[in-house]
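What follows is the content of query.pdb, which has PDB, C-alpha atoms, pLDDT in the B column:
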ATOM      1  CA  MET A   1     163.083 176.620 167.402  1.00 47.00           C
ATOM      2  CA  ARG A   2     160.998 173.614 166.320  1.00 55.00           C
ATOM      3  CA  ARG A   3     159.703 173.612 162.808  1.00 61.00           C
ATOM      4  CA  THR A   4     156.260 172.555 161.702  1.00 68.00           C
ATOM      5  CA  SER A   5     155.940 168.972 160.522  1.00 68.00           C
ATOM      6  CA  PHE A   6     154.337 168.457 157.131  1.00 68.00           C
ATOM      7  CA  GLN A   7     153.837 164.708 157.657  1.00 66.00           C
ATOM      8  CA  ALA A   8     150.067 164.971 158.200  1.00 68.00           C
ATOM      9  CA  MET A   9     149.482 166.827 154.909  1.00 70.00           C
ATOM     10  CA  GLY A  10     149.402 163.601 152.927  1.00 70.00           C
ATOM     11  CA  CYS A  11     151.235 165.232 150.023  1.00 77.00           C
ATOM     12  CA  PRO A  12     154.351 163.522 148.609  1.00 79.00           C
ATOM     13  CA  ILE A  13     156.109 166.882 148.265  1.00 79.00           C
ATOM     14  CA  ALA A  14     155.395 167.767 151.892  1.00 80.00           C
ATOM     15  CA  GLY A  15     156.481 164.274 152.943  1.00 79.00           C
ATOM     16  CA  ALA A  16     159.756 164.641 151.033  1.00 81.00           C
ATOM     17  CA  LEU A  17     160.420 167.916 152.839  1.00 81.00           C
ATOM     18  CA  GLU A  18     160.441 165.944 156.097  1.00 80.00           C
ATOM     19  CA  TYR A  19     163.696 164.415 154.783  1.00 77.00           C
ATOM     20  CA  VAL A  20     165.230 167.264 152.804  1.00 80.00           C
ATOM     21  CA  GLY A  21     163.589 170.409 154.171  1.00 76.00           C
ATOM     22  CA  ASP A  22     166.770 172.420 154.641  1.00 82.00           C
ATOM     23  CA  TRP A  23     169.507 173.426 152.219  1.00 85.00           C
ATOM     24  CA  TRP A  24     172.321 171.603 154.040  1.00 92.00           C
ATOM     25  CA  THR A  25     170.630 168.256 153.484  1.00 92.00           C
ATOM     26  CA  LEU A  26     170.572 168.540 149.706  1.00 93.00           C
ATOM     27  CA  LEU A  27     174.128 169.871 149.592  1.00 94.00           C
ATOM     28  CA  ILE A  28     175.385 166.988 151.746  1.00 96.00           C
ATOM     29  CA  VAL A  29     173.498 164.495 149.560  1.00 94.00           C
ATOM     30  CA  ARG A  30     174.958 166.175 146.463  1.00 93.00           C
ATOM     31  CA  ASP A  31     178.469 165.708 147.859  1.00 95.00           C
ATOM     32  CA  ALA A  32     177.735 162.108 148.880  1.00 96.00           C
ATOM     33  CA  LEU A  33     176.498 161.402 145.345  1.00 94.00           C
ATOM     34  CA  ASP A  34     179.827 162.821 144.117  1.00 91.00           C
ATOM     35  CA  GLY A  35     181.691 160.283 146.278  1.00 93.00           C
ATOM     36  CA  PHE A  36     182.599 162.363 149.313  1.00 95.00           C
ATOM     37  CA  THR A  37     182.163 160.311 152.484  1.00 96.00           C
ATOM     38  CA  ARG A  38     184.114 161.841 155.339  1.00 96.00           C
ATOM     39  CA  PHE A  39     183.182 164.483 157.865  1.00 96.00           C
ATOM     40  CA  ASP A  40     186.190 166.676 157.041  1.00 95.00           C
ATOM     41  CA  GLU A  41     185.365 166.510 153.306  1.00 96.00           C
ATOM     42  CA  PHE A  42     181.791 167.688 153.882  1.00 96.00           C
ATOM     43  CA  GLU A  43     182.983 170.379 156.279  1.00 96.00           C
ATOM     44  CA  HIS A  44     185.614 171.627 153.822  1.00 96.00           C
ATOM     45  CA  ASN A  45     183.371 171.499 150.726  1.00 94.00           C
ATOM     46  CA  LEU A  46     180.399 173.201 152.351  1.00 94.00           C
ATOM     47  CA  GLY A  47     181.997 175.586 154.849  1.00 94.00           C
ATOM     48  CA  ILE A  48     179.456 174.325 157.380  1.00 95.00           C
ATOM     49  CA  ALA A  49     180.009 174.592 161.128  1.00 96.00           C
ATOM     50  CA  PRO A  50     181.000 171.248 162.696  1.00 96.00           C
ATOM     51  CA  ASN A  51     178.065 171.211 165.122  1.00 96.00           C
ATOM     52  CA  MET A  52     175.581 171.853 162.294  1.00 95.00           C
ATOM     53  CA  LEU A  53     177.220 169.184 160.124  1.00 97.00           C
ATOM     54  CA  THR A  54     177.052 166.688 162.999  1.00 97.00           C
ATOM     55  CA  ARG A  55     173.310 167.326 163.397  1.00 95.00           C
ATOM     56  CA  ARG A  56     172.619 167.070 159.670  1.00 95.00           C
ATOM     57  CA  LEU A  57     174.647 163.872 159.241  1.00 97.00           C
ATOM     58  CA  ARG A  58     172.866 162.316 162.225  1.00 96.00           C
ATOM     59  CA  ALA A  59     169.475 163.232 160.724  1.00 94.00           C
ATOM     60  CA  LEU A  60     170.489 161.858 157.312  1.00 96.00           C
ATOM     61  CA  VAL A  61     171.552 158.572 158.899  1.00 97.00           C
ATOM     62  CA  GLU A  62     168.328 158.371 160.962  1.00 95.00           C
ATOM     63  CA  SER A  63     166.239 159.000 157.842  1.00 93.00           C
ATOM     64  CA  GLY A  64     168.085 156.290 155.913  1.00 96.00           C
ATOM     65  CA  LEU A  65     169.638 158.578 153.282  1.00 96.00           C
ATOM     66  CA  LEU A  66     173.190 157.924 154.510  1.00 98.00           C
ATOM     67  CA  GLU A  67     174.827 154.989 156.274  1.00 98.00           C
ATOM     68  CA  ARG A  68     177.420 155.642 158.989  1.00 98.00           C
ATOM     69  CA  ARG A  69     180.354 153.227 158.926  1.00 97.00           C
ATOM     70  CA  ARG A  70     183.512 153.166 161.028  1.00 96.00           C
ATOM     71  CA  TYR A  71     186.701 153.271 158.967  1.00 93.00           C
ATOM     72  CA  SER A  72     189.281 153.786 161.754  1.00 92.00           C
ATOM     73  CA  GLN A  73     189.410 152.119 165.150  1.00 93.00           C
ATOM     74  CA  SER A  74     191.954 154.385 166.805  1.00 92.00           C
ATOM     75  CA  PRO A  75     190.930 157.124 166.871  1.00 92.00           C
ATOM     76  CA  PRO A  76     187.376 156.094 166.013  1.00 92.00           C
ATOM     77  CA  ARG A  77     186.409 157.736 162.704  1.00 93.00           C
ATOM     78  CA  TYR A  78     183.356 157.292 160.537  1.00 96.00           C
ATOM     79  CA  GLU A  79     182.406 157.757 156.931  1.00 97.00           C
ATOM     80  CA  TYR A  80     178.957 158.450 155.554  1.00 98.00           C
ATOM     81  CA  LEU A  81     177.907 156.419 152.550  1.00 98.00           C
ATOM     82  CA  ILE A  82     174.960 157.207 150.319  1.00 97.00           C
ATOM     83  CA  THR A  83     172.207 154.571 150.519  1.00 97.00           C
ATOM     84  CA  ASP A  84     169.840 153.498 147.755  1.00 97.00           C
ATOM     85  CA  LYS A  85     167.215 155.761 149.337  1.00 96.00           C
ATOM     86  CA  GLY A  86     169.698 158.657 149.214  1.00 95.00           C
ATOM     87  CA  ARG A  87     170.694 157.788 145.641  1.00 96.00           C
ATOM     88  CA  ASP A  88     167.023 158.064 144.682  1.00 94.00           C
ATOM     89  CA  LEU A  89     167.357 161.799 145.382  1.00 93.00           C
ATOM     90  CA  SER A  90     169.716 162.226 142.413  1.00 92.00           C
ATOM     91  CA  PRO A  91     166.906 163.248 139.989  1.00 91.00           C
ATOM     92  CA  VAL A  92     165.885 165.937 142.497  1.00 91.00           C
ATOM     93  CA  ILE A  93     169.475 167.191 142.715  1.00 91.00           C
ATOM     94  CA  VAL A  94     169.758 167.174 138.908  1.00 90.00           C
ATOM     95  CA  ALA A  95     166.435 169.027 138.545  1.00 89.00           C
ATOM     96  CA  LEU A  96     167.630 171.672 141.032  1.00 89.00           C
ATOM     97  CA  TYR A  97     170.900 171.910 139.117  1.00 87.00           C
ATOM     98  CA  ALA A  98     169.008 172.466 135.838  1.00 87.00           C
ATOM     99  CA  TRP A  99     166.736 175.093 137.381  1.00 86.00           C
ATOM    100  CA  GLY A 100     169.667 176.841 139.080  1.00 86.00           C
ATOM    101  CA  ARG A 101     171.699 176.784 135.874  1.00 85.00           C
ATOM    102  CA  LYS A 102     168.812 178.418 134.015  1.00 83.00           C
ATOM    103  CA  HIS A 103     167.630 180.910 136.635  1.00 84.00           C
ATOM    104  CA  ALA A 104     170.376 181.404 139.228  1.00 84.00           C
ATOM    105  CA  GLY A 105     173.527 180.742 137.274  1.00 73.00           C
ATOM    106  CA  THR A 106     175.951 182.741 135.209  1.00 72.00           C
ATOM    107  CA  ASP A 107     177.121 182.583 131.618  1.00 77.00           C
ATOM    108  CA  ALA A 108     180.296 180.832 132.808  1.00 77.00           C
ATOM    109  CA  PRO A 109     179.093 178.264 135.369  1.00 79.00           C
ATOM    110  CA  SER A 110     181.490 176.886 137.937  1.00 81.00           C
ATOM    111  CA  VAL A 111     179.785 173.473 137.818  1.00 84.00           C
ATOM    112  CA  VAL A 112     178.766 171.545 134.723  1.00 86.00           C
ATOM    113  CA  LEU A 113     176.809 168.286 134.789  1.00 87.00           C
ATOM    114  CA  THR A 114     178.540 165.684 132.622  1.00 90.00           C
ATOM    115  CA  ASP A 115     178.270 162.066 131.600  1.00 89.00           C
ATOM    116  CA  ARG A 116     180.712 160.127 133.794  1.00 88.00           C
ATOM    117  CA  ASP A 117     181.773 157.839 130.909  1.00 92.00           C
ATOM    118  CA  THR A 118     182.090 160.312 128.039  1.00 93.00           C
ATOM    119  CA  GLY A 119     182.657 163.645 129.790  1.00 90.00           C
ATOM    120  CA  ASP A 120     179.989 165.207 127.559  1.00 92.00           C
ATOM    121  CA  GLU A 121     177.839 167.898 129.127  1.00 90.00           C
ATOM    122  CA  ILE A 122     174.327 166.782 130.041  1.00 87.00           C
ATOM    123  CA  VAL A 123     171.295 169.009 129.603  1.00 86.00           C
ATOM    124  CA  PRO A 124     168.710 167.381 131.879  1.00 86.00           C
ATOM    125  CA  SER A 125     164.982 167.289 131.264  1.00 85.00           C
ATOM    126  CA  LEU A 126     162.076 165.522 132.897  1.00 84.00           C
ATOM    127  CA  MET A 127     159.879 163.093 131.046  1.00 85.00           C
ATOM    128  CA  ASP A 128     157.029 160.738 131.742  1.00 87.00           C
ATOM    129  CA  GLN A 129     158.355 157.162 131.950  1.00 86.00           C
ATOM    130  CA  ARG A 130     155.149 155.697 130.489  1.00 88.00           C
ATOM    131  CA  SER A 131     154.728 157.914 127.435  1.00 88.00           C
ATOM    132  CA  GLY A 132     158.233 159.312 126.971  1.00 87.00           C
ATOM    133  CA  ARG A 133     156.717 162.810 126.701  1.00 86.00           C
ATOM    134  CA  PRO A 134     158.668 165.711 128.187  1.00 84.00           C
ATOM    135  CA  LEU A 135     157.075 167.268 131.247  1.00 80.00           C
ATOM    136  CA  SER A 136     156.256 170.931 131.528  1.00 75.00           C
ATOM    137  CA  THR A 137     153.887 173.076 133.543  1.00 66.00           C
ATOM    138  CA  VAL A 138     151.697 173.171 130.437  1.00 65.00           C
ATOM    139  CA  ASN A 139     150.830 169.478 130.642  1.00 73.00           C
ATOM    140  CA  LEU A 140     151.043 168.829 134.398  1.00 78.00           C
ATOM    141  CA  THR A 141     148.548 169.057 137.206  1.00 81.00           C
ATOM    142  CA  PHE A 142     148.201 167.468 140.630  1.00 80.00           C
ATOM    143  CA  LEU A 143     144.971 165.590 141.368  1.00 85.00           C
ATOM    144  CA  ALA A 144     143.847 163.841 144.536  1.00 85.00           C
ATOM    145  CA  GLY A 145     145.100 160.266 144.799  1.00 87.00           C
ATOM    146  CA  PRO A 146     143.399 157.231 146.303  1.00 87.00           C
ATOM    147  CA  GLY A 147     144.742 158.007 149.795  1.00 86.00           C
ATOM    148  CA  ALA A 148     143.698 161.674 149.806  1.00 85.00           C
ATOM    149  CA  ASP A 149     141.752 162.949 152.795  1.00 85.00           C
ATOM    150  CA  PRO A 150     138.654 165.148 152.277  1.00 86.00           C
ATOM    151  CA  PHE A 151     140.674 168.381 152.568  1.00 84.00           C
ATOM    152  CA  MET A 152     143.131 167.254 149.870  1.00 84.00           C
ATOM    153  CA  ARG A 153     140.285 166.071 147.598  1.00 85.00           C
ATOM    154  CA  GLU A 154     138.591 169.452 147.927  1.00 86.00           C
ATOM    155  CA  ARG A 155     141.844 171.382 147.479  1.00 84.00           C
ATOM    156  CA  LEU A 156     142.751 169.559 144.268  1.00 86.00           C
ATOM    157  CA  ASP A 157     139.297 169.214 142.692  1.00 87.00           C
ATOM    158  CA  PRO A 158     139.517 171.122 139.370  1.00 83.00           C
ATOM    159  CA  GLU A 159     135.801 172.007 139.346  1.00 87.00           C
ATOM    160  CA  LEU A 160     135.899 173.391 142.884  1.00 85.00           C
ATOM    161  CA  ARG A 161     139.027 175.374 141.970  1.00 80.00           C
ATOM    162  CA  LYS A 162     137.187 176.960 139.015  1.00 85.00           C
ATOM    163  CA  ALA A 163     134.192 177.758 141.239  1.00 86.00           C
ATOM    164  CA  ARG A 164     136.437 179.400 143.861  1.00 81.00           C
ATOM    165  CA  ARG A 165     138.095 181.522 141.173  1.00 85.00           C
ATOM    166  CA  ARG A 166     134.717 182.605 139.777  1.00 86.00           C
ATOM    167  CA  ARG A 167     133.614 183.666 143.272  1.00 85.00           C
ATOM    168  CA  VAL A 168     136.810 185.669 143.794  1.00 85.00           C
ATOM    169  CA  ASP A 169     136.555 187.229 140.328  1.00 86.00           C
ATOM    170  CA  ASN A 170     132.997 188.281 141.201  1.00 87.00           C
ATOM    171  CA  GLY A 171     134.138 189.956 144.418  1.00 81.00           C
ATOM    172  CA  ASP A 172     133.235 187.191 146.871  1.00 74.00           C
ATOM    173  CA  SER A 173     136.380 186.074 148.681  1.00 62.00           C
ATOM    174  CA  GLY A 174     134.507 183.332 150.516  1.00 58.00           C
ATOM    175  CA  GLN A 175     136.021 184.674 153.747  1.00 60.00           C
ATOM    176  CA  GLY A 176     132.764 186.054 155.145  1.00 52.00           C
ATOM    177  CA  THR A 177     132.275 189.636 156.357  1.00 46.00           C
TER     178      THR A 177
END

Show me this structure written as structure tokens.
Amino acid sequence: MRRTSFQAMGCPIAGALEYVGDWWTLLIVRDALDGFTRFDEFEHNLGIAPNMLTRRLRALVESGLLERRRYSQSPPRYEYLITDKGRDLSPVIVALYAWGRKHAGTDAPSVVLTDRDTGDEIVPSLMDQRSGRPLSTVNLTFLAGPGADPFMRERLDPELRKARRRRVDNGDSGQGT
């Protein structure tokens, strides 16, 4: 079954899902970030079917997140190396780790994020690079950017959002009768 493409939405989140829109992708990237490079390592670590792994690795190579390189001539064997583009997903992986640790984990986690040099546990957080302020849903909002189409501008306009809510609160769904 073909999935819907989000490319035309013009949203960076939707665009990112074109690359990482299934769980296998992020798990393969996680393993590649941890230094695993070979088909049998991914297969063993993930318990993924070989045909599914082949498809996912091919897609990751085509999207530029992994590089496929031959390491054995006879028989021909390949390894999959994380690219700079793939490495740029590490904050996403770390953010998912932090969320999963908080909301989907246990008191005794089987995985702990640590500093490679010191071995100390890391407690990740997001912050704004310009101000150094921590990010939270309290101080974040998405607004239309310079490349937004009319639909996106309307969808993200704070005044229009308030007006829509007032209409709904007053019993007018805006759907017509």

Taking all atoms listed in the file into account, name the residue in A:Met52, A:Arg30, A:Phe142, A:Val168 that is nearest to Ile13 (chain A).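 Closest to Ile13 (chain A), using all atoms listed in the file: A:Phe142.
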
Record the distance separating CA of Leu89 (chain A) and CA of Ser63 (chain A), expressed in Å with one decimal. 12.8 Å

Name the residues in contact with Leu60 (chain A) at a cut-off of 10 Å, using only C-alpha atoms, excluding same-chain residues fewer than 3 positions from it; report them as a PyMOL selection string. chain A and resi 19-20+25+28-29+54-57+63-68+80+82+86

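Close contacts of region 154-156 of chain A, defined as residues with an atom at most 7 Å away when counting all atoms listed in the file, with chain neighbours fewer than 4 positions off set aside, comprise Phe142, Leu143, Ala144, Pro150 and Leu160 of chain A.
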
Please write as a tab-separated table (two decimals) with C-alpha atoms, in the frame of the given file the full residue list that the PyMOL selection byres ((chain A and resi 39-49) around 9) yields on this file.
chain	number	residue	atom	x	y	z
A	24	TRP	CA	172.32	171.60	154.04
A	27	LEU	CA	174.13	169.87	149.59
A	28	ILE	CA	175.38	166.99	151.75
A	31	ASP	CA	178.47	165.71	147.86
A	32	ALA	CA	177.74	162.11	148.88
A	36	PHE	CA	182.60	162.36	149.31
A	37	THR	CA	182.16	160.31	152.48
A	38	ARG	CA	184.11	161.84	155.34
A	50	PRO	CA	181.00	171.25	162.70
A	51	ASN	CA	178.06	171.21	165.12
A	52	MET	CA	175.58	171.85	162.29
A	53	LEU	CA	177.22	169.18	160.12
A	54	THR	CA	177.05	166.69	163.00
A	57	LEU	CA	174.65	163.87	159.24
A	77	ARG	CA	186.41	157.74	162.70
A	78	TYR	CA	183.36	157.29	160.54
A	79	GLU	CA	182.41	157.76	156.93
A	80	TYR	CA	178.96	158.45	155.55

What is the distance between CA of Arg133 (chain A) and CA of Ser90 (chain A), in Å to one decimal?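 Taking CA of Arg133 (chain A) as the start and CA of Ser90 (chain A) as the end point, the length is 20.4 Å.
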
Hey, could you pull the box centre and edge lengths for region 84-98 of chain A, axis-aligned, 8 Å padding per side, all listed atoms, to one decimal in Å, as JSON?
{"center_x": 168.4, "center_y": 163.0, "center_z": 142.6, "size_x": 21.0, "size_y": 35.0, "size_z": 29.5}

Can you pull out the residues contacting Ile122 (chain A)? Cut-off 12 Å, using only C-alpha atoms, and skip same-chain residues under 2 positions away; I want them as a PDB file with C-alpha atoms, keeping the file's coordinate frame.
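Contents of part-v7.pdb, as written:
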ATOM      1  CA  VAL A  94     169.758 167.174 138.908  1.00 90.00           C
ATOM      2  CA  ALA A  95     166.435 169.027 138.545  1.00 89.00           C
ATOM      3  CA  TYR A  97     170.900 171.910 139.117  1.00 87.00           C
ATOM      4  CA  ALA A  98     169.008 172.466 135.838  1.00 87.00           C
ATOM      5  CA  ARG A 101     171.699 176.784 135.874  1.00 85.00           C
ATOM      6  CA  VAL A 111     179.785 173.473 137.818  1.00 84.00           C
ATOM      7  CA  VAL A 112     178.766 171.545 134.723  1.00 86.00           C
ATOM      8  CA  LEU A 113     176.809 168.286 134.789  1.00 87.00           C
ATOM      9  CA  THR A 114     178.540 165.684 132.622  1.00 90.00           C
ATOM     10  CA  ASP A 115     178.270 162.066 131.600  1.00 89.00           C
ATOM     11  CA  ARG A 116     180.712 160.127 133.794  1.00 88.00           C
ATOM     12  CA  ASP A 117     181.773 157.839 130.909  1.00 92.00           C
ATOM     13  CA  THR A 118     182.090 160.312 128.039  1.00 93.00           C
ATOM     14  CA  GLY A 119     182.657 163.645 129.790  1.00 90.00           C
ATOM     15  CA  ASP A 120     179.989 165.207 127.559  1.00 92.00           C
ATOM     16  CA  PRO A 124     168.710 167.381 131.879  1.00 86.00           C
ATOM     17  CA  SER A 125     164.982 167.289 131.264  1.00 85.00           C
TER      18      SER A 125
END

Between CA of Lys85 (chain A) and CA of Ser72 (chain A), what is the spacing in Å?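 Value for the CA of Ser72 (chain A)-CA of Lys85 (chain A) distance: 25.4 Å.
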
Residue with smallest distance to Cys11 (chain A) - pool A:Leu26, A:Ala163, A:Met152, A:Leu96, counting all atoms listed in the file: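 Between A:Leu26, A:Ala163, A:Met152, A:Leu96, the residue approaching Cys11 (chain A) most closely is A:Met152.
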
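Proximity of A:Tyr71, A:Leu126, A:Glu62, A:Gly147 to Pro12 (chain A), computed with all atoms listed in the file, is greatest for A:Gly147.
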
Where atoms are absent from region 51-66 of chain A, fill them in so it carries N, CA, C and O atoms, then output it as an mmCIF file, keeping the file's coordinate frame.
data_model
loop_
_atom_site.group_PDB
_atom_site.id
_atom_site.type_symbol
_atom_site.label_atom_id
_atom_site.label_comp_id
_atom_site.auth_asym_id
_atom_site.auth_seq_id
_atom_site.Cartn_x
_atom_site.Cartn_y
_atom_site.Cartn_z
ATOM 1 N N ASN A 51 179.244 171.624 164.353
ATOM 2 C CA ASN A 51 178.065 171.211 165.122
ATOM 3 C C ASN A 51 176.832 171.056 164.223
ATOM 4 O O ASN A 51 176.032 170.149 164.401
ATOM 5 N N MET A 52 176.700 171.952 163.237
ATOM 6 C CA MET A 52 175.581 171.853 162.294
ATOM 7 C C MET A 52 175.741 170.608 161.416
ATOM 8 O O MET A 52 174.782 169.874 161.170
ATOM 9 N N LEU A 53 176.964 170.356 160.952
ATOM 10 C CA LEU A 53 177.220 169.184 160.124
ATOM 11 C C LEU A 53 176.927 167.904 160.907
ATOM 12 O O LEU A 53 176.308 166.975 160.368
ATOM 13 N N THR A 54 177.323 167.859 162.155
ATOM 14 C CA THR A 54 177.052 166.688 162.999
ATOM 15 C C THR A 54 175.555 166.423 163.078
ATOM 16 O O THR A 54 175.092 165.290 162.906
ATOM 17 N N ARG A 55 174.768 167.479 163.310
ATOM 18 C CA ARG A 55 173.310 167.326 163.397
ATOM 19 C C ARG A 55 172.719 166.847 162.077
ATOM 20 O O ARG A 55 171.860 165.975 162.038
ATOM 21 N N ARG A 56 173.171 167.441 160.978
ATOM 22 C CA ARG A 56 172.619 167.070 159.670
ATOM 23 C C ARG A 56 172.987 165.642 159.303
ATOM 24 O O ARG A 56 172.162 164.884 158.800
ATOM 25 N N LEU A 57 174.240 165.250 159.548
ATOM 26 C CA LEU A 57 174.647 163.872 159.241
ATOM 27 C C LEU A 57 173.846 162.879 160.082
ATOM 28 O O LEU A 57 173.395 161.843 159.578
ATOM 29 N N ARG A 58 173.655 163.196 161.353
ATOM 30 C CA ARG A 58 172.866 162.316 162.225
ATOM 31 C C ARG A 58 171.442 162.174 161.675
ATOM 32 O O ARG A 58 170.902 161.061 161.600
ATOM 33 N N ALA A 59 170.840 163.280 161.267
ATOM 34 C CA ALA A 59 169.475 163.232 160.724
ATOM 35 C C ALA A 59 169.427 162.442 159.419
ATOM 36 O O ALA A 59 168.474 161.689 159.174
ATOM 37 N N LEU A 60 170.452 162.595 158.579
ATOM 38 C CA LEU A 60 170.489 161.858 157.312
ATOM 39 C C LEU A 60 170.647 160.357 157.539
ATOM 40 O O LEU A 60 170.072 159.544 156.810
ATOM 41 N N VAL A 61 171.408 159.986 158.549
ATOM 42 C CA VAL A 61 171.552 158.572 158.899
ATOM 43 C C VAL A 61 170.227 158.042 159.451
ATOM 44 O O VAL A 61 169.745 156.980 159.052
ATOM 45 N N GLU A 62 169.602 158.801 160.366
ATOM 46 C CA GLU A 62 168.328 158.371 160.962
ATOM 47 C C GLU A 62 167.237 158.223 159.909
ATOM 48 O O GLU A 62 166.379 157.350 160.015
ATOM 49 N N SER A 63 167.268 159.067 158.881
ATOM 50 C CA SER A 63 166.239 159.000 157.842
ATOM 51 C C SER A 63 166.561 157.960 156.769
ATOM 52 O O SER A 63 165.756 157.734 155.868
ATOM 53 N N GLY A 64 167.737 157.342 156.861
ATOM 54 C CA GLY A 64 168.085 156.290 155.913
ATOM 55 C C GLY A 64 168.680 156.770 154.602
ATOM 56 O O GLY A 64 168.837 155.980 153.669
ATOM 57 N N LEU A 65 169.039 158.055 154.511
ATOM 58 C CA LEU A 65 169.638 158.578 153.282
ATOM 59 C C LEU A 65 171.138 158.328 153.231
ATOM 60 O O LEU A 65 171.722 158.218 152.153
ATOM 61 N N LEU A 66 171.767 158.249 154.403
ATOM 62 C CA LEU A 66 173.190 157.924 154.510
ATOM 63 C C LEU A 66 173.354 156.765 155.493
ATOM 64 O O LEU A 66 172.523 156.579 156.381
#
